[in-house]
Amino acid sequence: MYTDGGISAVPLSQADSRRLVLFDIDGTLLTSSGAAPRAFRQALEEVFGTSGPQHGYSFAGRTDPRIARDLLGMAGLDPGTVDRGLAALWPLYLRNLQSELAVVPPTVYPGVTALLDRLEGETDQVVMGLLTGNVDGGARLKLEAAGLGWERFVVGAFGSDHHDRGALPAVAVERAAALRGHRFQGKAVVIIGDTPADIACGAHLGVRSLAVATGDYSVQELSPHNPDYVFENLADLDAVMKAVLE
Ligand SMILES: [Mg+2]
């Protein structure tokens, strides 16, 4: 860190404060207030004739293909049938989602816009990306409908890349390496999300996890999963930036 000329000052270049910052979307940046689950279930009905049980299943923290397999599995469909129908599912889901979001745009959580603007300004230090269970087209629709932009998330790992969220951090690291010629490792990879699954997904890589309690989980519920940091929301810009960069 820099000091006022003291002998302990260490240039940032030596400390290597470069970061790969990966955001979850739903519950972290925004809420689509039920639009996405409605669009998803409608598409399941259209392709498979059922969307499984209507209550008692949470989409939070799960990838889109995982949700399809879970709901349709509970409806008695075998995995092979589900997997064969997924190619037909996504275009219908995206069409339905676009219609839903045109009626009710997503709500952006406090502090999110300012945080993204600040991180985007740190171009030498920060590669900003997404790590989300959304299929890539769904992620784009939600971010654009929320006015948060799409192009500035220069890398991403999506539900369309793998059904298991635990596989996604490595995907994002590979894409960042291809883009920047630098392999982000350990605590230089920052995953920001709202569920225990977001905290757990990068643990095997030793990443830094920032949990935020704007989704379905409270600070008290997230803390036992041992994130590096937990916030009520992302509104305290200085505190969040410190957690990302220190
Ligand atoms: Mg989430």
# chains A, B, ... in the order shown; residues from 1 in each chain; ligands from 1

$ residues_around --residues "A:Ser33" --least-positions-apart "4" --cutoff "10 Å" --atoms "only C-alpha atoms" --output "list of chain:residue names"
A:Asp26, A:Gly27, A:Pro37, A:Arg38, A:Leu101, A:Val104, A:Pro105, A:Pro106, A:Thr107

$ closest_atom_pairs --of "chain A" --to "ligand 1" --cutoff "12 Å" --atoms "only C-alpha atoms and all ligand atoms" --output "Markdown table"
| residue | atom | partner | partner_atom_place_in_ligand_line | distance |
| --- | --- | --- | --- | --- |
| A:Phe23 | CA | ligand 1 | 1 (Mg) | 9.0 |
| A:Asp24 | CA | ligand 1 | 1 (Mg) | 5.5 |
| A:Ile25 | CA | ligand 1 | 1 (Mg) | 5.6 |
| A:Asp26 | CA | ligand 1 | 1 (Mg) | 4.1 |
| A:Gly27 | CA | ligand 1 | 1 (Mg) | 4.5 |
| A:Thr28 | CA | ligand 1 | 1 (Mg) | 5.6 |
| A:Leu29 | CA | ligand 1 | 1 (Mg) | 8.4 |
| A:Leu30 | CA | ligand 1 | 1 (Mg) | 8.9 |
| A:Thr31 | CA | ligand 1 | 1 (Mg) | 9.0 |
| A:Ser32 | CA | ligand 1 | 1 (Mg) | 11.1 |
| A:Ser58 | CA | ligand 1 | 1 (Mg) | 10.9 |
| A:Phe59 | CA | ligand 1 | 1 (Mg) | 8.6 |
| A:Ala60 | CA | ligand 1 | 1 (Mg) | 5.5 |
| A:Gly61 | CA | ligand 1 | 1 (Mg) | 5.1 |
| A:Arg62 | CA | ligand 1 | 1 (Mg) | 8.0 |
| A:Thr63 | CA | ligand 1 | 1 (Mg) | 9.6 |
| A:Asp64 | CA | ligand 1 | 1 (Mg) | 11.6 |
| A:Leu130 | CA | ligand 1 | 1 (Mg) | 11.3 |
| A:Leu131 | CA | ligand 1 | 1 (Mg) | 9.5 |
| A:Thr132 | CA | ligand 1 | 1 (Mg) | 7.3 |
| A:Gly133 | CA | ligand 1 | 1 (Mg) | 7.9 |
| A:Asn134 | CA | ligand 1 | 1 (Mg) | 9.4 |
| A:Ala139 | CA | ligand 1 | 1 (Mg) | 11.5 |
| A:Arg165 | CA | ligand 1 | 1 (Mg) | 11.2 |
| A:Ile191 | CA | ligand 1 | 1 (Mg) | 11.4 |
| A:Ile192 | CA | ligand 1 | 1 (Mg) | 9.2 |
| A:Gly193 | CA | ligand 1 | 1 (Mg) | 5.8 |
| A:Asp194 | CA | ligand 1 | 1 (Mg) | 5.0 |
| A:Thr195 | CA | ligand 1 | 1 (Mg) | 6.0 |
| A:Pro196 | CA | ligand 1 | 1 (Mg) | 9.4 |
| A:Ala197 | CA | ligand 1 | 1 (Mg) | 8.6 |
| A:Asp198 | CA | ligand 1 | 1 (Mg) | 7.4 |
| A:Ile199 | CA | ligand 1 | 1 (Mg) | 10.7 |
| A:Ala211 | CA | ligand 1 | 1 (Mg) | 10.1 |
| A:Val212 | CA | ligand 1 | 1 (Mg) | 9.5 |
| A:Ala213 | CA | ligand 1 | 1 (Mg) | 10.1 |
| A:Thr214 | CA | ligand 1 | 1 (Mg) | 9.2 |
| A:Gly215 | CA | ligand 1 | 1 (Mg) | 6.7 |
| A:Asp216 | CA | ligand 1 | 1 (Mg) | 8.5 |
| A:Tyr217 | CA | ligand 1 | 1 (Mg) | 9.8 |

$ write_last_selection --atoms "C-alpha atoms" --output "JSON list (two decimals), in the first residue's frame"
[["chain", "number", "residue", "atom", "x", "y", "z"],
["A", 23, "PHE", "CA", -20.01, -11.08, -10.58],
["A", 24, "ASP", "CA", -23.00, -13.31, -10.14],
["A", 25, "ILE", "CA", -26.12, -11.64, -11.56],
["A", 26, "ASP", "CA", -29.40, -12.61, -9.84],
["A", 27, "GLY", "CA", -29.54, -11.59, -6.19],
["A", 28, "THR", "CA", -26.14, -9.87, -6.55],
["A", 29, "LEU", "CA", -26.44, -7.17, -9.22],
["A", 30, "LEU", "CA", -30.17, -7.21, -9.77],
["A", 31, "THR", "CA", -33.47, -8.98, -9.26],
["A", 32, "SER", "CA", -35.78, -9.75, -12.12],
["A", 58, "SER", "CA", -35.28, -22.38, -5.37],
["A", 59, "PHE", "CA", -33.48, -21.26, -8.53],
["A", 60, "ALA", "CA", -30.92, -19.38, -6.40],
["A", 61, "GLY", "CA", -27.29, -20.36, -6.94],
["A", 62, "ARG", "CA", -28.12, -22.98, -9.57],
["A", 63, "THR", "CA", -27.22, -22.97, -13.25],
["A", 64, "ASP", "CA", -30.00, -22.88, -15.84],
["A", 130, "LEU", "CA", -19.39, -12.55, -14.92],
["A", 131, "LEU", "CA", -19.75, -15.89, -13.19],
["A", 132, "THR", "CA", -23.38, -16.85, -13.37],
["A", 133, "GLY", "CA", -25.72, -19.79, -13.71],
["A", 134, "ASN", "CA", -27.55, -17.92, -16.45],
["A", 139, "ALA", "CA", -27.31, -12.93, -18.74],
["A", 165, "ARG", "CA", -21.21, -23.96, -10.95],
["A", 191, "ILE", "CA", -16.08, -13.91, -6.87],
["A", 192, "ILE", "CA", -19.01, -11.77, -5.76],
["A", 193, "GLY", "CA", -22.30, -13.57, -5.19],
["A", 194, "ASP", "CA", -25.37, -13.94, -3.01],
["A", 195, "THR", "CA", -25.59, -17.66, -2.19],
["A", 196, "PRO", "CA", -23.55, -20.38, -0.46],
["A", 197, "ALA", "CA", -23.01, -21.85, -3.96],
["A", 198, "ASP", "CA", -21.21, -18.65, -5.01],
["A", 199, "ILE", "CA", -18.94, -18.91, -1.97],
["A", 211, "ALA", "CA", -20.84, -12.57, -0.25],
["A", 212, "VAL", "CA", -23.67, -10.08, -0.41],
["A", 213, "ALA", "CA", -27.00, -10.46, 1.38],
["A", 214, "THR", "CA", -29.24, -8.82, -1.24],
["A", 215, "GLY", "CA", -30.62, -12.18, -2.46],
["A", 216, "ASP", "CA", -32.38, -14.94, -0.57],
["A", 217, "TYR", "CA", -29.67, -15.35, 2.09]]

$ select_by_dssp --residues "stretch 49-219 of chain A" --states "strand (DSSP E or B)" --output "MDAnalysis selection string"
chainID A and resid 107:108 126:131 155:157 189:193 208:212

$ write_last_selection --atoms "N, CA and C atoms" --output "compact mmCIF listing (two decimals), in the first residue's frame"
# COMPACT_ATOMS: atom_id res chain seq x y z
N THR A 107 -34.69 -4.81 -11.22
CA THR A 107 -34.31 -3.80 -10.24
C THR A 107 -32.85 -4.00 -9.87
N VAL A 108 -32.07 -2.92 -9.97
CA VAL A 108 -30.65 -2.97 -9.63
C VAL A 108 -30.48 -2.66 -8.15
N VAL A 126 -7.97 -4.16 -13.02
CA VAL A 126 -9.13 -5.03 -12.87
C VAL A 126 -9.64 -5.53 -14.22
N VAL A 127 -9.82 -6.83 -14.30
CA VAL A 127 -10.58 -7.42 -15.40
C VAL A 127 -11.96 -7.76 -14.83
N MET A 128 -12.97 -7.17 -15.41
CA MET A 128 -14.32 -7.33 -14.86
C MET A 128 -15.10 -8.35 -15.68
N GLY A 129 -15.71 -9.30 -14.99
CA GLY A 129 -16.42 -10.35 -15.70
C GLY A 129 -17.62 -10.86 -14.94
N LEU A 130 -18.19 -11.94 -15.48
CA LEU A 130 -19.39 -12.55 -14.92
C LEU A 130 -19.12 -14.00 -14.57
N LEU A 131 -19.73 -14.46 -13.50
CA LEU A 131 -19.75 -15.89 -13.19
C LEU A 131 -21.16 -16.18 -12.72
N VAL A 155 -15.00 -10.77 -19.65
CA VAL A 155 -14.95 -12.23 -19.64
C VAL A 155 -16.20 -12.74 -18.92
N GLY A 156 -16.54 -13.99 -19.19
CA GLY A 156 -17.70 -14.55 -18.50
C GLY A 156 -17.64 -16.06 -18.49
N ALA A 157 -18.25 -16.64 -17.46
CA ALA A 157 -18.48 -18.08 -17.40
C ALA A 157 -19.95 -18.23 -17.04
N VAL A 189 -8.37 -13.75 -7.82
CA VAL A 189 -9.69 -14.00 -8.41
C VAL A 189 -10.74 -13.69 -7.35
N VAL A 190 -11.63 -12.77 -7.66
CA VAL A 190 -12.64 -12.32 -6.71
C VAL A 190 -14.01 -12.70 -7.24
N ILE A 191 -14.73 -13.50 -6.45
CA ILE A 191 -16.08 -13.91 -6.87
C ILE A 191 -17.09 -13.26 -5.94
N ILE A 192 -18.01 -12.50 -6.53
CA ILE A 192 -19.01 -11.77 -5.76
C ILE A 192 -20.37 -12.37 -6.04
N GLY A 193 -21.02 -12.89 -4.99
CA GLY A 193 -22.30 -13.57 -5.19
C GLY A 193 -23.14 -13.59 -3.94
N ARG A 208 -10.89 -15.47 -3.69
CA ARG A 208 -11.43 -14.55 -2.69
C ARG A 208 -12.94 -14.46 -2.93
N SER A 209 -13.73 -14.68 -1.88
CA SER A 209 -15.18 -14.61 -2.07
C SER A 209 -15.77 -13.45 -1.28
N LEU A 210 -16.58 -12.66 -1.98
CA LEU A 210 -17.36 -11.60 -1.36
C LEU A 210 -18.82 -12.01 -1.44
N ALA A 211 -19.43 -12.22 -0.28
CA ALA A 211 -20.84 -12.57 -0.25
C ALA A 211 -21.66 -11.32 0.04
N VAL A 212 -22.81 -11.23 -0.60
CA VAL A 212 -23.67 -10.08 -0.41
C VAL A 212 -25.10 -10.56 -0.14

$ closest_residue --among "A:Leu20, A:Ala167, A:Ile67, A:Val82" --to "A:Gly186" --atoms "only C-alpha atoms"
A:Leu20

$ atom_distance --atom1 "atom CA of A:Asp83" --atom2 "atom CA of A:Val173"
26.9 Å

$ closest_residue --among "A:Arg66, A:Ala114, A:Asp228, A:Pro91" --to "A:Pro79" --atoms "only C-alpha atoms"
A:Arg66

$ residues_around --residues "A:Phe40" --least-positions-apart "6" --cutoff "8 Å" --atoms "only C-alpha atoms" --output "PDB file with C-alpha atoms, in the first residue's frame"
ATOM      1  CA  TYR A  93     -36.668 -19.201 -22.732  1.00  0.00           C
ATOM      2  CA  ASN A  96     -40.083 -15.394 -23.075  1.00  0.00           C
ATOM      3  CA  LEU A  97     -37.510 -13.612 -20.922  1.00  0.00           C
TER       4      LEU A  97
END

$ closest_residue --among "A:Arg69, A:Ala145, A:Leu237, A:Thr81" --to "A:Asp164" --atoms "only C-alpha atoms"
A:Arg69

$ residues_around --residues "A:Leu115" --least-positions-apart "3" --cutoff "10 Å" --atoms "only C-alpha atoms" --output "list in words"
Pro110, Gly111, Val112, Arg118, Leu119, Glu120, Gly121, Leu234, Ala235, Asp236, Leu237, Asp238, Val240 and Met241 of chain A

$ decode --residues "stretch 77-212 of chain A" --atoms "C-alpha atoms" --output "mmCIF file, in the first residue's frame"
data_model
loop_
_atom_site.group_PDB
_atom_site.id
_atom_site.type_symbol
_atom_site.label_atom_id
_atom_site.label_comp_id
_atom_site.auth_asym_id
_atom_site.auth_seq_id
_atom_site.Cartn_x
_atom_site.Cartn_y
_atom_site.Cartn_z
ATOM 1 C CA LEU A 77 -38.435 -37.185 -16.972
ATOM 2 C CA ASP A 78 -35.178 -39.071 -17.427
ATOM 3 C CA PRO A 79 -31.907 -37.133 -17.888
ATOM 4 C CA GLY A 80 -31.469 -38.241 -21.506
ATOM 5 C CA THR A 81 -34.864 -36.838 -22.493
ATOM 6 C CA VAL A 82 -34.093 -33.594 -20.705
ATOM 7 C CA ASP A 83 -30.684 -33.200 -22.316
ATOM 8 C CA ARG A 84 -32.094 -33.834 -25.807
ATOM 9 C CA GLY A 85 -34.662 -31.075 -25.280
ATOM 10 C CA LEU A 86 -32.308 -28.411 -23.949
ATOM 11 C CA ALA A 87 -31.296 -27.144 -27.407
ATOM 12 C CA ALA A 88 -34.949 -26.334 -28.062
ATOM 13 C CA LEU A 89 -35.466 -24.877 -24.594
ATOM 14 C CA TRP A 90 -33.003 -21.976 -24.669
ATOM 15 C CA PRO A 91 -34.389 -20.015 -27.648
ATOM 16 C CA LEU A 92 -37.899 -20.216 -26.178
ATOM 17 C CA TYR A 93 -36.668 -19.201 -22.732
ATOM 18 C CA LEU A 94 -34.832 -16.187 -24.169
ATOM 19 C CA ARG A 95 -37.877 -15.140 -26.189
ATOM 20 C CA ASN A 96 -40.083 -15.394 -23.075
ATOM 21 C CA LEU A 97 -37.510 -13.612 -20.922
ATOM 22 C CA GLN A 98 -37.232 -10.716 -23.356
ATOM 23 C CA SER A 99 -41.035 -10.308 -23.280
ATOM 24 C CA GLU A 100 -41.151 -10.448 -19.484
ATOM 25 C CA LEU A 101 -38.307 -7.953 -19.029
ATOM 26 C CA ALA A 102 -39.910 -5.530 -21.495
ATOM 27 C CA VAL A 103 -42.919 -5.335 -19.150
ATOM 28 C CA VAL A 104 -41.047 -5.200 -15.846
ATOM 29 C CA PRO A 105 -37.346 -4.327 -16.070
ATOM 30 C CA PRO A 106 -35.009 -5.745 -13.410
ATOM 31 C CA THR A 107 -34.312 -3.801 -10.239
ATOM 32 C CA VAL A 108 -30.649 -2.965 -9.631
ATOM 33 C CA TYR A 109 -29.445 -3.232 -6.024
ATOM 34 C CA PRO A 110 -27.974 -0.290 -4.095
ATOM 35 C CA GLY A 111 -24.381 0.591 -4.939
ATOM 36 C CA VAL A 112 -24.109 -1.717 -7.935
ATOM 37 C CA THR A 113 -23.925 0.923 -10.656
ATOM 38 C CA ALA A 114 -21.308 2.963 -8.783
ATOM 39 C CA LEU A 115 -19.227 -0.154 -8.062
ATOM 40 C CA LEU A 116 -19.239 -1.303 -11.686
ATOM 41 C CA ASP A 117 -18.333 2.199 -12.857
ATOM 42 C CA ARG A 118 -15.444 2.356 -10.386
ATOM 43 C CA LEU A 119 -14.105 -1.092 -11.298
ATOM 44 C CA GLU A 120 -14.418 -0.354 -15.001
ATOM 45 C CA GLY A 121 -12.245 2.716 -14.409
ATOM 46 C CA GLU A 122 -9.475 0.540 -12.929
ATOM 47 C CA THR A 123 -8.529 -0.809 -16.343
ATOM 48 C CA ASP A 124 -4.880 -1.444 -15.444
ATOM 49 C CA GLN A 125 -5.758 -3.427 -12.353
ATOM 50 C CA VAL A 126 -9.131 -5.029 -12.869
ATOM 51 C CA VAL A 127 -10.577 -7.424 -15.401
ATOM 52 C CA MET A 128 -14.321 -7.332 -14.856
ATOM 53 C CA GLY A 129 -16.417 -10.346 -15.703
ATOM 54 C CA LEU A 130 -19.389 -12.547 -14.920
ATOM 55 C CA LEU A 131 -19.746 -15.887 -13.185
ATOM 56 C CA THR A 132 -23.379 -16.847 -13.365
ATOM 57 C CA GLY A 133 -25.721 -19.789 -13.712
ATOM 58 C CA ASN A 134 -27.550 -17.917 -16.451
ATOM 59 C CA VAL A 135 -27.091 -19.100 -19.998
ATOM 60 C CA ASP A 136 -25.092 -16.382 -21.757
ATOM 61 C CA GLY A 137 -28.075 -15.034 -23.705
ATOM 62 C CA GLY A 138 -30.125 -14.736 -20.515
ATOM 63 C CA ALA A 139 -27.312 -12.928 -18.742
ATOM 64 C CA ARG A 140 -27.101 -10.428 -21.573
ATOM 65 C CA LEU A 141 -30.862 -9.781 -21.641
ATOM 66 C CA LYS A 142 -30.985 -9.170 -17.885
ATOM 67 C CA LEU A 143 -27.983 -6.830 -17.790
ATOM 68 C CA GLU A 144 -29.131 -4.820 -20.783
ATOM 69 C CA ALA A 145 -32.711 -4.554 -19.477
ATOM 70 C CA ALA A 146 -31.275 -3.315 -16.162
ATOM 71 C CA GLY A 147 -29.141 -0.699 -17.910
ATOM 72 C CA LEU A 148 -25.948 -2.215 -16.489
ATOM 73 C CA GLY A 149 -24.329 -2.866 -19.849
ATOM 74 C CA TRP A 150 -22.959 -6.051 -21.330
ATOM 75 C CA GLU A 151 -19.791 -5.165 -23.217
ATOM 76 C CA ARG A 152 -17.924 -4.017 -20.118
ATOM 77 C CA PHE A 153 -17.961 -7.515 -18.665
ATOM 78 C CA VAL A 154 -15.051 -8.611 -20.791
ATOM 79 C CA VAL A 155 -14.950 -12.230 -19.644
ATOM 80 C CA GLY A 156 -17.696 -14.555 -18.504
ATOM 81 C CA ALA A 157 -18.484 -18.078 -17.403
ATOM 82 C CA PHE A 158 -22.108 -19.082 -17.783
ATOM 83 C CA GLY A 159 -24.610 -21.843 -17.159
ATOM 84 C CA SER A 160 -24.327 -22.497 -20.884
ATOM 85 C CA ASP A 161 -20.672 -23.459 -20.310
ATOM 86 C CA HIS A 162 -21.343 -26.077 -17.637
ATOM 87 C CA HIS A 163 -24.251 -27.281 -15.498
ATOM 88 C CA ASP A 164 -22.029 -27.377 -12.398
ATOM 89 C CA ARG A 165 -21.206 -23.956 -10.946
ATOM 90 C CA GLY A 166 -18.006 -25.400 -9.483
ATOM 91 C CA ALA A 167 -16.626 -25.763 -13.016
ATOM 92 C CA LEU A 168 -17.184 -22.105 -13.900
ATOM 93 C CA PRO A 169 -14.333 -20.305 -12.074
ATOM 94 C CA ALA A 170 -11.724 -22.231 -14.091
ATOM 95 C CA VAL A 171 -13.568 -21.313 -17.298
ATOM 96 C CA ALA A 172 -13.421 -17.620 -16.394
ATOM 97 C CA VAL A 173 -9.731 -17.850 -15.448
ATOM 98 C CA GLU A 174 -8.926 -19.470 -18.814
ATOM 99 C CA ARG A 175 -10.809 -16.788 -20.738
ATOM 100 C CA ALA A 176 -9.124 -13.998 -18.796
ATOM 101 C CA ALA A 177 -5.723 -15.570 -19.504
ATOM 102 C CA ALA A 178 -6.516 -15.749 -23.210
ATOM 103 C CA LEU A 179 -7.651 -12.119 -23.184
ATOM 104 C CA ARG A 180 -4.952 -10.527 -21.034
ATOM 105 C CA GLY A 181 -2.048 -12.962 -21.190
ATOM 106 C CA HIS A 182 -2.064 -13.169 -17.407
ATOM 107 C CA ARG A 183 -3.207 -16.110 -15.324
ATOM 108 C CA PHE A 184 -5.092 -14.882 -12.269
ATOM 109 C CA GLN A 185 -4.642 -17.188 -9.303
ATOM 110 C CA GLY A 186 -5.841 -17.587 -5.727
ATOM 111 C CA LYS A 187 -6.990 -14.405 -4.023
ATOM 112 C CA ALA A 188 -6.439 -12.401 -7.227
ATOM 113 C CA VAL A 189 -9.688 -14.002 -8.414
ATOM 114 C CA VAL A 190 -12.637 -12.318 -6.705
ATOM 115 C CA ILE A 191 -16.077 -13.912 -6.868
ATOM 116 C CA ILE A 192 -19.006 -11.765 -5.761
ATOM 117 C CA GLY A 193 -22.298 -13.567 -5.187
ATOM 118 C CA ASP A 194 -25.366 -13.940 -3.012
ATOM 119 C CA THR A 195 -25.586 -17.660 -2.193
ATOM 120 C CA PRO A 196 -23.548 -20.375 -0.461
ATOM 121 C CA ALA A 197 -23.008 -21.847 -3.958
ATOM 122 C CA ASP A 198 -21.214 -18.648 -5.010
ATOM 123 C CA ILE A 199 -18.941 -18.911 -1.968
ATOM 124 C CA ALA A 200 -18.273 -22.615 -2.538
ATOM 125 C CA CYS A 201 -17.717 -22.621 -6.298
ATOM 126 C CA GLY A 202 -14.185 -21.207 -6.215
ATOM 127 C CA ALA A 203 -13.000 -22.657 -2.910
ATOM 128 C CA HIS A 204 -10.925 -25.385 -4.616
ATOM 129 C CA LEU A 205 -8.998 -22.613 -6.414
ATOM 130 C CA GLY A 206 -8.490 -20.605 -3.234
ATOM 131 C CA VAL A 207 -10.283 -17.577 -4.660
ATOM 132 C CA ARG A 208 -11.430 -14.553 -2.688
ATOM 133 C CA SER A 209 -15.178 -14.608 -2.075
ATOM 134 C CA LEU A 210 -17.360 -11.603 -1.358
ATOM 135 C CA ALA A 211 -20.839 -12.572 -0.246
ATOM 136 C CA VAL A 212 -23.672 -10.076 -0.405
#
